[in-house]
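Participant: Below is the structure I would like to discuss, written out as structure tokens.
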Amino acid sequence: MRPVAVYQAWVVTPVTIMPLADLSTSSFATAATAAVLGAAALAMLLWRRGAIAGTTMIGPWGWAVLSIVTVSAVEVIVAVTTAPSGDATPAAAPARWVDPLRYAAAMTSFCPLMALLGAKRPQDRAWVFIVLSLLLVLALPSAEVLLPAGRGPLTVHPLRGSFLLLLVAAGPLNTLLTRYWSAGILLAAGQVALAGPHLPIVARWMSRPAPLWGLGLIVLAAGMAAVAWPRGARASPPDQRVWIDFRDTYGVVWGLRVVQRLNQELAKLAGAPALTWHGWSSPDGCSSLGQVPPETLAEAQQHLEALLLRFVSRAWIERRRARA
């Protein structure tokens, strides 16, 4: 089955039918919707696990799985445990632990991007502790309420909320110049739906989080990334395709860093081409790339491959050369 067809069957359809359930009155509908959305996203991520084998994207992938499972599981737990029994009237306010638990789950949505920012060998393995430390710091307001001697209700300091707003903006900014810019916007919208009441400015319009809508938007974003949609245009020569796929996968931060580092190395090579965001160009940026001696271009491509191997595997590179 084609990736886009899988995406539509597993992700778009569950999200599209979500408004049909009366989520405000049916605990079963709420729990079922959260479970279906979580299962759809998890299936997509597991389905595409092989595509990132041998790359440092395994770290962000693992955090994405953890976040989706956590958010969906929390909504199932909330729906089941707070459901009214018999003819009892639902409580006017949620249980004391609901808001802190939802807030902590929402904080996991920032972990994949943070993991991506450290996704370069050899520090990618140690970076997991940085991401875990950040998660603990972000979730601290929840701990202050949920611990036995905790206080209540959940409150988030405006400075902390401003920091969260920066993290929300980081996703779209890192995908802005890539073909996944729409997925970055969906992810940010989902994070706003999850944590909106604690974000400056947004809190004026959101008094309560919208976790199911947030989960749905994040699932859509994860699905788009899993099926690599929208597709990039084919490029020639093959190394052009390798570069385009790398910068789209790793985003603006690592893409620009690789461009800067590679061009510094190539400056020592007489007549070498330069790498731009859109691919190879002649040294002066005006003449044809064909005027670069083949052996010089080959050496420049070897330098690029050496840098990319800090992130991806040789098999990842060869697959892109084969289909370019």
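Chain labels follow the order of the structure tokens: the first chain is A, the next B, and so on; residue numbering restarts at 1 in every chain, and ligands are counted from 1 in their shown order.
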Write out as JSON, numbers by chain the residues lying within 6 Å of Gly184 of chain A, counting only C-alpha atoms and excluding same-chain residues fewer than 3 positions away.
Facilitator: {"A": [171, 172, 175, 181, 187]}
Participant: Can you build me a table of segment 102-177 of chain A residues sitting at most 9 Å from segment 37-56 of chain A, with the closest atom pair per residue and its distance in Å to one decimal, using only C-alpha atoms, sorted by chain and residue number, as a Markdown table?
Facilitator:
```
| residue | atom | partner | partner_atom | distance |
| --- | --- | --- | --- | --- |
| A:Leu116 | CA | A:Thr56 | CA | 8.2 |
| A:Gly118 | CA | A:Thr56 | CA | 9.0 |
| A:Ala119 | CA | A:Thr56 | CA | 5.3 |
| A:Lys120 | CA | A:Thr56 | CA | 6.5 |
| A:Arg121 | CA | A:Thr56 | CA | 7.3 |
| A:Asp124 | CA | A:Thr56 | CA | 6.9 |
| A:Arg125 | CA | A:Thr56 | CA | 9.0 |
```
Participant: Using C-alpha atoms, can you export the residues from the last selection as a compact mmCIF listing (two decimals), in the first residue's frame?
Facilitator:
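Result saved to again.txt:
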```
# COMPACT_ATOMS: atom_id res chain seq x y z
CA LEU A 116 16.75 16.30 17.48
CA GLY A 118 21.43 16.80 20.00
CA ALA A 119 21.18 14.18 17.25
CA LYS A 120 24.81 14.11 16.17
CA ARG A 121 27.29 11.36 16.91
CA ASP A 124 23.56 11.77 20.75
CA ARG A 125 23.67 8.95 23.35
```
Participant: Check the DSSP output for the backbone and give back, as number ranges by chain, the residues of segment 21-269 of chain A in alpha helix (DSSP H).
Facilitator: A: 27-47, 58-81, 98-107, 111-116, 124-138, 140-146, 158-175, 181-195, 211-226, 238-266
Participant: Compile the contact shell of segment 253-270 of chain A as a list in words: residues with an atom at most 8 Å away, counting only C-alpha atoms, same-chain residues fewer than 3 positions apart removed.
Facilitator: Leu117, Asn174, Phe246, Arg247, Tyr250, Pro273, Ala274, Leu275, Thr276, Trp277, Ala300, His303, Leu304 and Leu307 of chain A
Participant: So that I can see what lies close to segment 158-169 of chain A, please list as a ChimeraX atom specification the residues with an atom at most 7 Å from it, counting only C-alpha atoms and leaving out residues fewer than 5 positions away in the same chain.
Facilitator: /A:110,188,191,198-200
Participant: What does the file look like for those residues with C-alpha atoms, as a short mmCIF file (atom, residue, chain, number, x, y, z; two decimals), in the first residue's frame?
Facilitator:
```cif
data_model
loop_
_atom_site.label_atom_id
_atom_site.label_comp_id
_atom_site.auth_asym_id
_atom_site.auth_seq_id
_atom_site.Cartn_x
_atom_site.Cartn_y
_atom_site.Cartn_z
CA PHE A 110 8.62 19.05 23.46
CA ALA A 188 2.85 23.58 17.22
CA GLN A 191 1.12 21.72 21.59
CA HIS A 198 -0.47 27.97 30.57
CA LEU A 199 0.90 29.98 27.63
CA PRO A 200 1.01 33.78 27.64
#
```
Participant: From the options A:Trp229, A:Gly59, A:Val71, A:Val145, which residue's atoms come nearest to Ala126 of chain A, counting only C-alpha atoms?
Facilitator: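 Distance minimum relative to Ala126 of chain A lands on A:Gly59.
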Participant: Between A:Val192, A:Ala225, A:Val252, A:Leu220, which has the minimum distance to Leu173 of chain A (counting only C-alpha atoms)?
Facilitator: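 The closest residue to Leu173 of chain A is A:Val252.
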Participant: Nearest residue to Leu146 of chain A out of A:Trp127, A:Trp280, A:Trp243, A:Trp97, using only C-alpha atoms?
Facilitator: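 Using only C-alpha atoms, the shortest distance to Leu146 of chain A belongs to A:Trp97.
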Participant: I need the residue nearest Thr82 of chain A from this list: A:Val292, A:Val227, A:Val98, A:Ala104. Use only C-alpha atoms for the distance.
Facilitator: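 Counting only C-alpha atoms, the residue closest to Thr82 of chain A is A:Val98.
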Participant: Taking into account only C-alpha atoms, which residue in the set A:Pro153, A:Gly285, A:Gly279, A:Gly290 is nearest to Ala95 of chain A?
Facilitator: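 Residue with the minimum atom-to-atom distance to Ala95 of chain A: A:Pro153.
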Participant: With a distance cut-off of 8 Å and only C-alpha atoms, select the neighbouring residues of Trp61 of chain A, excluding the residue or stretch itself and same-chain residues fewer than 4 positions from it, and output the selection as a PyMOL selection string.
Facilitator: chain A and resi 45+57+65+112
Participant: Give me the residues near Trp63 of chain A as a list in words, where near means some atom within 12 Å (using only C-alpha atoms) and where sequence neighbours in that chain fewer than 4 positions away do not count.
Facilitator: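 What passes the distance filter is Leu42, Leu45, Met57, Ile58, Gly59, Ser67, Ile68, Val69, Thr70, Met107, Thr108, Ser109, Phe110, Cys111, Pro112, Leu113, Met114, Ala115, Leu116, Val128, Val131, Leu132, Leu135 and Ala222 of chain A.
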Participant: Output N, CA and C atoms for every residue in the selection just made, as a short mmCIF file (atom, residue, chain, number, x, y, z; two decimals), in the first residue's frame.
Facilitator:
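File part-v2.cif, as written:
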```
data_model
loop_
_atom_site.label_atom_id
_atom_site.label_comp_id
_atom_site.auth_asym_id
_atom_site.auth_seq_id
_atom_site.Cartn_x
_atom_site.Cartn_y
_atom_site.Cartn_z
N LEU A 42 1.05 5.45 16.72
CA LEU A 42 2.05 4.45 17.07
C LEU A 42 2.27 3.47 15.92
N LEU A 45 4.42 5.22 13.25
CA LEU A 45 5.82 5.35 13.66
C LEU A 45 6.54 4.01 13.62
N MET A 57 18.23 9.72 14.16
CA MET A 57 16.81 10.05 14.32
C MET A 57 16.10 9.05 15.23
N ILE A 58 16.78 7.96 15.58
CA ILE A 58 16.19 6.97 16.50
C ILE A 58 15.84 7.63 17.83
N GLY A 59 16.68 8.55 18.30
CA GLY A 59 16.41 9.23 19.56
C GLY A 59 15.12 10.04 19.52
N SER A 67 5.88 10.25 23.84
CA SER A 67 4.95 11.36 24.00
C SER A 67 3.54 10.98 23.58
N ILE A 68 3.41 10.36 22.42
CA ILE A 68 2.08 10.00 21.92
C ILE A 68 1.41 8.98 22.83
N VAL A 69 2.18 7.99 23.27
CA VAL A 69 1.62 6.99 24.17
C VAL A 69 1.20 7.63 25.49
N THR A 70 2.02 8.54 26.00
CA THR A 70 1.71 9.19 27.27
C THR A 70 0.46 10.05 27.19
N MET A 107 4.02 18.16 28.35
CA MET A 107 5.43 18.51 28.32
C MET A 107 6.26 17.51 27.53
N THR A 108 5.80 16.26 27.43
CA THR A 108 6.55 15.28 26.65
C THR A 108 6.56 15.61 25.17
N SER A 109 5.62 16.43 24.71
CA SER A 109 5.56 16.77 23.28
C SER A 109 6.74 17.63 22.84
N PHE A 110 7.46 18.23 23.81
CA PHE A 110 8.62 19.05 23.46
C PHE A 110 9.90 18.22 23.38
N CYS A 111 9.85 16.97 23.81
CA CYS A 111 11.06 16.15 23.87
C CYS A 111 11.61 15.74 22.50
N PRO A 112 10.77 15.36 21.52
CA PRO A 112 11.37 14.97 20.23
C PRO A 112 12.23 16.05 19.59
N LEU A 113 11.77 17.30 19.62
CA LEU A 113 12.57 18.37 19.04
C LEU A 113 13.85 18.58 19.81
N MET A 114 13.78 18.53 21.14
CA MET A 114 14.98 18.69 21.94
C MET A 114 15.98 17.57 21.66
N ALA A 115 15.46 16.35 21.45
CA ALA A 115 16.33 15.23 21.11
C ALA A 115 16.97 15.45 19.74
N LEU A 116 16.22 16.03 18.82
CA LEU A 116 16.75 16.30 17.48
C LEU A 116 17.91 17.28 17.52
N VAL A 128 20.38 12.11 25.63
CA VAL A 128 19.12 11.64 26.19
C VAL A 128 18.94 12.12 27.62
N VAL A 131 17.70 15.71 27.54
CA VAL A 131 16.27 15.78 27.25
C VAL A 131 15.46 15.37 28.47
N LEU A 132 15.90 14.32 29.15
CA LEU A 132 15.20 13.87 30.35
C LEU A 132 15.22 14.94 31.44
N LEU A 135 12.73 17.58 30.55
CA LEU A 135 11.37 17.12 30.81
C LEU A 135 11.03 17.22 32.29
N ALA A 222 2.74 13.72 12.99
CA ALA A 222 3.57 12.51 13.03
C ALA A 222 3.33 11.65 11.80
#
```
Participant: Neighbours of Gly214 of chain A within 7 Å (only C-alpha atoms; same-chain residues fewer than 3 positions away dropped), as a list in words?
Facilitator: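 Those residues are Gly190, Gln191, Ala193, Leu194, Ala210, Pro211, Leu217 and Ile218 of chain A.
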